[in-house]
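> Attaching a single structure in structure tokens format; questions to follow.
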Amino acid sequence: MLKLSLSAVDYVILIIYFVIVVAIGALARRAVATSEDFLLAGRSLPAWITGLAFIAANLGALEILGQAANGAQYGLMTAHFYWIGAVPAMVFLGLVMMPFYYGSRVRSVPEYLRLRFNKPTHVFNALTFAVSSVLIAGVNLFALALILEALLGWSLYFSIIVGAVFVGLYITLGGLSGAIYNEVLQFFVILAGLIPLVVVGLYRVGGWHGLTQKIEHPGLGEHTPLYQWGHKAFTLWEGTGSSSTNPLGASWFAIVFGLGFVLSFGYWTTNFAEVQRCLAAKNLSAARRTPLIGAYPKIFIPALTIIPGLIAVVTFPKLGLSGDPNSELAYNKAIPLLMGQFLPSGVLGVAVTGLLAAFMAGMAANVSSFNTVVTYDLWQPYVRRGRSDAYYLNVGRAATVVGIVVGIFTALIASGYNNIMNYIQLLFSVFNAPLFATFIIAMFWKRATPWAGLAGLIAGTVGALVTHLLYTGLILFGGPTLFEPVLHFGSAQDANFWGAIVAFVADAIVTVIVSLVTKPKPDSQLRGLVHGLARLDTREEEVPASDRVWFRNPMLLGFTALGLCAVLNVIFY
Amino acid sequence: MSERDPLAKGRGSGDDSYGGPERDALIEETEKEMAEHSAASKLFDIRFLIGGLFVLYGAIVLIVGLVEGIPAKYAANEININVWTGSVMLVVGVLFLVWGYFGRDALGRSRADRAALTQQLEEHQRQAEEAGPAGP
């Protein structure tokens with residue numbers, strides 16, 4: 001039985017956290033007087049806070065449980081998600097793209113498309129983002145409920161409601177400041193829960209050496225598939241010449257271009273739930289440093305997700321063997337299983353609290369970006385124009401409540417999907433992957449025309465959807481199989497990488513072709529939005545004296561992070 | 001698109017000879033309100049909250065570790081993880097409190113600046129009290 005035996009002390013730790021979460025919302029409430037105070041934290045936060053929130057917003061349900069599961073299934077190659085995927089994309093966002101986002105003073109990512117292209121492109125992107133936000137919020141809420149049900153024995157529906165009420169309370173009160181502050185707090189609590197787990201786990205299996213030895217030399221009996229790869233479970237690039245000779249089931253090309261270039265850049269540089277944390281920074285310098293500061297914890301998070309996955313494989317050699325995502329030994333349960341096995345009362349309370357906090361933060365990030373897009377990108381420009389700012393502040397609050405309520409229903413959709421990881425991958429490949437092509441062309445090719453923006457986005461979305469359908473043969477939302485799958489890939493992840501490549505290429509080709517046959521915008525309307533056309537008013541770009549010290553230099557921060565990734569790739573080649 | 005359309009104004013209105021800021025009407029609306037009424041500077045300092053919570057959690061976990069020792073169901077040569085985690089959390093919590101107290105605040109003001117500001121405010125209040133009798 002997976003249910004953890006929490007003692008009174010663990011419950012005390014948990015209850016204190018729930019009280020603090022609401023207190024943060026209530027205290028942040030005093031700092032909300034205008035719509036931008038509520039939706040963008042008044043653009044007033046220092047870089048270390050937005051940087052940690054940037055990474056914590058992503059350190060949610062799917063990241064912690066999902067990457068531990070990937071670690072157990074694919075071994076150390078899962079680190080490609082971090083060292084080839086996330087970190088280079090975050091550095092690119094900070095060094096190259098942030099001046100266009102923050103410098104143009106847009107209030108959201110879709111708003112950049114409104115200024116750069118036209119209203120149809122904007123509406124298309126704002127609507128797809130709003131829909132994907134509530135769908136993903138639902139997944140996070142469902143995952144939160146699953147863990148409450150599994151660990152504490154609460155009923156699924158009761159858990160969904162409890163999670164939704166607390167998240168709703170602190171965002172409706174404190175807005176983005178409340179969300180960001182909770183993310184920063186959650187970041188430290190989850191570290192305080194996961195680090196002891198890794199320490200005790202490694203101690204038990206005999207350290208790193210014991211871990212590698214036990215997987216390379218398994219005893220008799222049935223073992224999870226990772227064992228058959230032997231030492232390849234601990235390498236990054238060996239056997240990536242073909243998709244069938246490595247645990248991840250993906251070739252170096254799919255890893256570098258699909259995962260690294262398209263999927264990760266798409267997620268980290270265009271997903272408003274992430275970029276919003278940068279826009280909340282107090283100036284351009286702090287906004288650029290937000291993803292760069294976030295990159296450093298990101299480099300080391302594999303130690304807290306992938307290593308527990310590997311420890312779980314050694315501790316429970318039959319992990320994931322049944323292939324049933326609901327079984328007691330499913331890959332997704334790696335971390336909860338280890339917590340029950342290794343952590344005594346006390347630390348256990350901190351770890352459970354950290355997990356629940358992570359789930360809430362994941363949902364809060366989606367809801368707090370959803371309400372901003374609804375207010376600034378849908379309601380203000382297209383539904384009710386020219387009202388007072390106080391009116392839009394109330395729209396933002398109402399949108400938060402609506403987002404939470406819709407999230408409860410999308411959580412029920414997610415509960416109908418037998419593997420939530422497949423569901424979330426579908427959402428990302430359809431909604432996120434095409435965006436990067438559009439943004440990179442928009443920022444670097446001033447000839448790209450307004451209508452090309454819309455056409456490219458639609459082409460990319462359709463391309464991703466078609467690839468996914470041809471691979472799975474499934475209709476959306478877990479319906480019956482319509483036809484036999486016609487595409488075959490090395491693994492579900494490989495399919496995911498190639499889906500992203502298809503979306504990117506379709507989007508890029510259509511954007512270029514449509515641009516060549518339609519009329520571009522005059523340069524005067526593109527100032528500050530496209531590379532090579534600087535703003536005439538550069539007030540925003542001035543770096544305050546206090547930010548000119550060497551350790552706050554974005555170039556230095558960015559290239560040091562890339563250097564660290566390169567070194568790690570060499571060490572674990 | 002009519003002349004009144006707020007989306008059409010702002011950005012489109014300037015050609016290259018127009019030296020003013022290239023602004024979007026909707027964004028400008030929000031920023032004007034921000035400049036006049038924002039309460040963002042009233043946001044509390046999260047460092048005290050992180051510090052306080054970690055001191056509290058650290059103390060709880062440390063005490064559990066000291067009182068209960070290593071629970072019997074774990075191996076006898078096990079590290080006492082509660083003691084280690086509790087101590088480290090306690091130290092981290094204190095560091096956050098010290099940083100919050102002595103470091104610059106969210107607005108970049110040093111401790112001396114803040115002290116001066118507080119003194120100024122108190123001075124102001126005292127003068128106001130001396131100036132005239134309060135109450136009915």
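Just so we're on the same page: first chain in the structure tokens is A, next is B, and so on; residues restart at 1 for each chain, and ligands are numbered from 1 in the order they show up.
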What lies within 8 Å of stretch 557-562 of chain A using only C-alpha atoms, ignoring chain neighbours under 6 positions off, as a list in words?

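Neighbouring residues, sequence-local ones excluded: Val87, Pro88, Val91, Gly94, Leu95, Arg289, Leu292, Ile293, Ala295, Tyr296, Ile299 and Phe551 of chain A.
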
> Keeping only N, CA, C and O atoms, write the selected residues to a file as a short mmCIF file (atom, residue, chain, number, x, y, z; two decimals), in the first residue's frame.


data_model
loop_
_atom_site.label_atom_id
_atom_site.label_comp_id
_atom_site.auth_asym_id
_atom_site.auth_seq_id
_atom_site.Cartn_x
_atom_site.Cartn_y
_atom_site.Cartn_z
N VAL A 87 18.20 24.74 -20.36
CA VAL A 87 19.16 25.80 -20.06
C VAL A 87 19.53 26.65 -21.29
O VAL A 87 19.47 27.88 -21.21
N PRO A 88 19.90 26.03 -22.44
CA PRO A 88 20.17 26.90 -23.59
C PRO A 88 18.98 27.78 -23.96
O PRO A 88 19.16 28.95 -24.31
N VAL A 91 18.82 30.70 -21.54
CA VAL A 91 19.87 31.67 -21.82
C VAL A 91 19.49 32.51 -23.05
O VAL A 91 19.63 33.73 -23.07
N GLY A 94 16.90 35.08 -22.10
CA GLY A 94 17.44 36.22 -21.35
C GLY A 94 18.32 37.12 -22.19
O GLY A 94 18.23 38.35 -22.11
N LEU A 95 19.17 36.53 -23.00
CA LEU A 95 20.14 37.34 -23.73
C LEU A 95 19.56 37.95 -25.00
O LEU A 95 19.83 39.09 -25.33
N ARG A 289 17.91 39.04 -16.47
CA ARG A 289 18.56 38.12 -15.54
C ARG A 289 17.61 37.07 -14.99
O ARG A 289 18.05 36.05 -14.45
N LEU A 292 18.14 33.76 -16.55
CA LEU A 292 19.55 33.39 -16.36
C LEU A 292 19.78 32.91 -14.93
O LEU A 292 20.49 31.93 -14.69
N ILE A 293 19.16 33.61 -13.96
CA ILE A 293 19.26 33.17 -12.57
C ILE A 293 18.55 31.83 -12.41
O ILE A 293 19.02 30.93 -11.72
N ALA A 295 18.36 29.56 -14.57
CA ALA A 295 19.10 28.49 -15.25
C ALA A 295 20.01 27.73 -14.28
O ALA A 295 20.21 26.53 -14.44
N TYR A 296 20.54 28.41 -13.27
CA TYR A 296 21.49 27.73 -12.37
C TYR A 296 20.85 26.63 -11.53
O TYR A 296 21.35 25.50 -11.53
N ILE A 299 20.14 23.62 -13.76
CA ILE A 299 21.26 22.73 -14.09
C ILE A 299 21.37 21.60 -13.07
O ILE A 299 21.73 20.47 -13.41
N PHE A 551 28.94 40.78 -11.62
CA PHE A 551 28.17 39.55 -11.40
C PHE A 551 26.71 39.70 -11.79
O PHE A 551 25.95 38.74 -11.72
#

> Please report, as CSV, each residue of stretch 359-454 of chain A lying at most 6 Å from stretch 109-132 of chain A, together with the nearest pair of atoms and the separation in Å rounded to one decimal; use only C-alpha atoms, and order rows by chain and ascending residue number.


residue,atom,partner,partner_atom,distance
A:Phe370,CA,A:Ala130,CA,5.5
A:Pro450,CA,A:Phe117,CA,3.9
A:Gly453,CA,A:Thr121,CA,6.0
A:Leu454,CA,A:Thr121,CA,4.4

> Counting only C-alpha atoms, which residues from chain A have an atom at most 6 Å from any atom of chain B, and could you show them as a PDB file with N, CA and C atoms, in the first residue's frame?


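Final output, saved to selection_20.pdb:
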ATOM      1  N   ALA A  28      -0.128  40.105   0.328  1.00  0.00           N
ATOM      2  CA  ALA A  28       0.171  40.694  -0.977  1.00  0.00           C
ATOM      3  C   ALA A  28      -0.993  41.540  -1.475  1.00  0.00           C
ATOM      4  N   ALA A  31      -0.695  45.277  -1.776  1.00  0.00           N
ATOM      5  CA  ALA A  31       0.119  45.853  -2.845  1.00  0.00           C
ATOM      6  C   ALA A  31      -0.626  45.862  -4.174  1.00  0.00           C
ATOM      7  N   VAL A  32      -1.938  45.644  -4.147  1.00  0.00           N
ATOM      8  CA  VAL A  32      -2.713  45.614  -5.384  1.00  0.00           C
ATOM      9  C   VAL A  32      -3.668  46.802  -5.436  1.00  0.00           C
ATOM     10  N   ALA A  33      -3.396  47.754  -6.327  1.00  0.00           N
ATOM     11  CA  ALA A  33      -4.304  48.884  -6.492  1.00  0.00           C
ATOM     12  C   ALA A  33      -4.701  49.065  -7.949  1.00  0.00           C
ATOM     13  N   THR A  34      -3.872  48.583  -8.888  1.00  0.00           N
ATOM     14  CA  THR A  34      -4.196  48.721 -10.308  1.00  0.00           C
ATOM     15  C   THR A  34      -4.176  47.347 -10.967  1.00  0.00           C
ATOM     16  N   ASP A  37      -0.734  45.930 -11.094  1.00  0.00           N
ATOM     17  CA  ASP A  37      -0.304  45.412  -9.790  1.00  0.00           C
ATOM     18  C   ASP A  37      -0.761  43.971  -9.643  1.00  0.00           C
ATOM     19  N   GLY A  42       2.902  44.567 -10.570  1.00  0.00           N
ATOM     20  CA  GLY A  42       3.354  45.954 -10.620  1.00  0.00           C
ATOM     21  C   GLY A  42       4.723  46.119 -11.256  1.00  0.00           C
ATOM     22  N   GLY A 346       8.609  13.809  10.217  1.00  0.00           N
ATOM     23  CA  GLY A 346       9.420  15.019  10.399  1.00  0.00           C
ATOM     24  C   GLY A 346       9.845  15.498   9.015  1.00  0.00           C
ATOM     25  N   VAL A 347      10.946  14.913   8.502  1.00  0.00           N
ATOM     26  CA  VAL A 347      11.338  15.218   7.126  1.00  0.00           C
ATOM     27  C   VAL A 347      10.228  14.806   6.164  1.00  0.00           C
ATOM     28  N   SER A 524       8.342  51.845 -39.308  1.00  0.00           N
ATOM     29  CA  SER A 524       7.980  52.698 -38.174  1.00  0.00           C
ATOM     30  C   SER A 524       7.101  51.962 -37.168  1.00  0.00           C
ATOM     31  N   GLN A 525       6.338  50.969 -37.636  1.00  0.00           N
ATOM     32  CA  GLN A 525       5.455  50.248 -36.717  1.00  0.00           C
ATOM     33  C   GLN A 525       6.138  49.059 -36.061  1.00  0.00           C
ATOM     34  N   ASP A 537      12.955  55.704 -28.556  1.00  0.00           N
ATOM     35  CA  ASP A 537      12.942  56.041 -27.134  1.00  0.00           C
ATOM     36  C   ASP A 537      13.572  54.874 -26.381  1.00  0.00           C
TER      37      ASP A 537
END

> So how far away is atom CA of A:Leu526 from atom CA of A:Ile501, in Å?

28.4 Å

> Separation of atom CA of A:Tyr17 and atom CA of B:Val94, in Å?

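Rounded to one decimal, the two atoms are 18.4 Å apart.
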
> Separation of atom CA of A:Ala273 and atom CA of A:Gly75, in Å?

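Distance between the two atoms: 28.7 Å.
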
> As a VMD selection string, please: the residues near A:Ile84 (cut-off 7 Å, only C-alpha atoms, same-chain neighbours under 4 positions excluded).

chain A and resid 80 88 256 260

> Save out the residues we just selected, N, CA, C and O atoms, as an mmCIF file, in the first residue's frame.


data_model
loop_
_atom_site.group_PDB
_atom_site.id
_atom_site.type_symbol
_atom_site.label_atom_id
_atom_site.label_comp_id
_atom_site.auth_asym_id
_atom_site.auth_seq_id
_atom_site.Cartn_x
_atom_site.Cartn_y
_atom_site.Cartn_z
ATOM 1 N N HIS A 80 19.022 15.333 -20.806
ATOM 2 C CA HIS A 80 18.950 16.156 -22.020
ATOM 3 C C HIS A 80 17.829 17.197 -21.918
ATOM 4 O O HIS A 80 17.912 18.255 -22.517
ATOM 5 N N PRO A 88 19.904 26.032 -22.438
ATOM 6 C CA PRO A 88 20.174 26.902 -23.586
ATOM 7 C C PRO A 88 18.981 27.784 -23.962
ATOM 8 O O PRO A 88 19.161 28.953 -24.309
ATOM 9 N N VAL A 256 18.788 16.915 -30.372
ATOM 10 C CA VAL A 256 19.295 18.283 -30.514
ATOM 11 C C VAL A 256 18.246 19.205 -31.136
ATOM 12 O O VAL A 256 17.981 20.288 -30.623
ATOM 13 N N GLY A 260 15.866 19.870 -28.071
ATOM 14 C CA GLY A 260 16.617 21.075 -27.735
ATOM 15 C C GLY A 260 16.084 22.306 -28.437
ATOM 16 O O GLY A 260 15.585 23.231 -27.812
#

> I want to know what sits within 8 Å of A:Ile190, based on only C-alpha atoms, with residues of the same chain fewer than 2 positions away left out; could you give that as a PyMOL selection string?

chain A and resi 186-188+192-194+350-351+353-355+357-358

> Please list as a list of chain:residue names every residue within 10 Å of A:Met98, counting only C-alpha atoms and excluding residues in the same chain fewer than 2 positions away.

A:Phe92, A:Leu93, A:Gly94, A:Leu95, A:Val96, A:Phe100, A:Tyr101, A:Tyr102, A:Gly103, A:Ser104, A:Thr269, A:Val275, A:Cys278, A:Leu279, A:Leu284, A:Ser285, A:Ala287, A:Arg288, A:Arg289, A:Thr290, A:Pro291
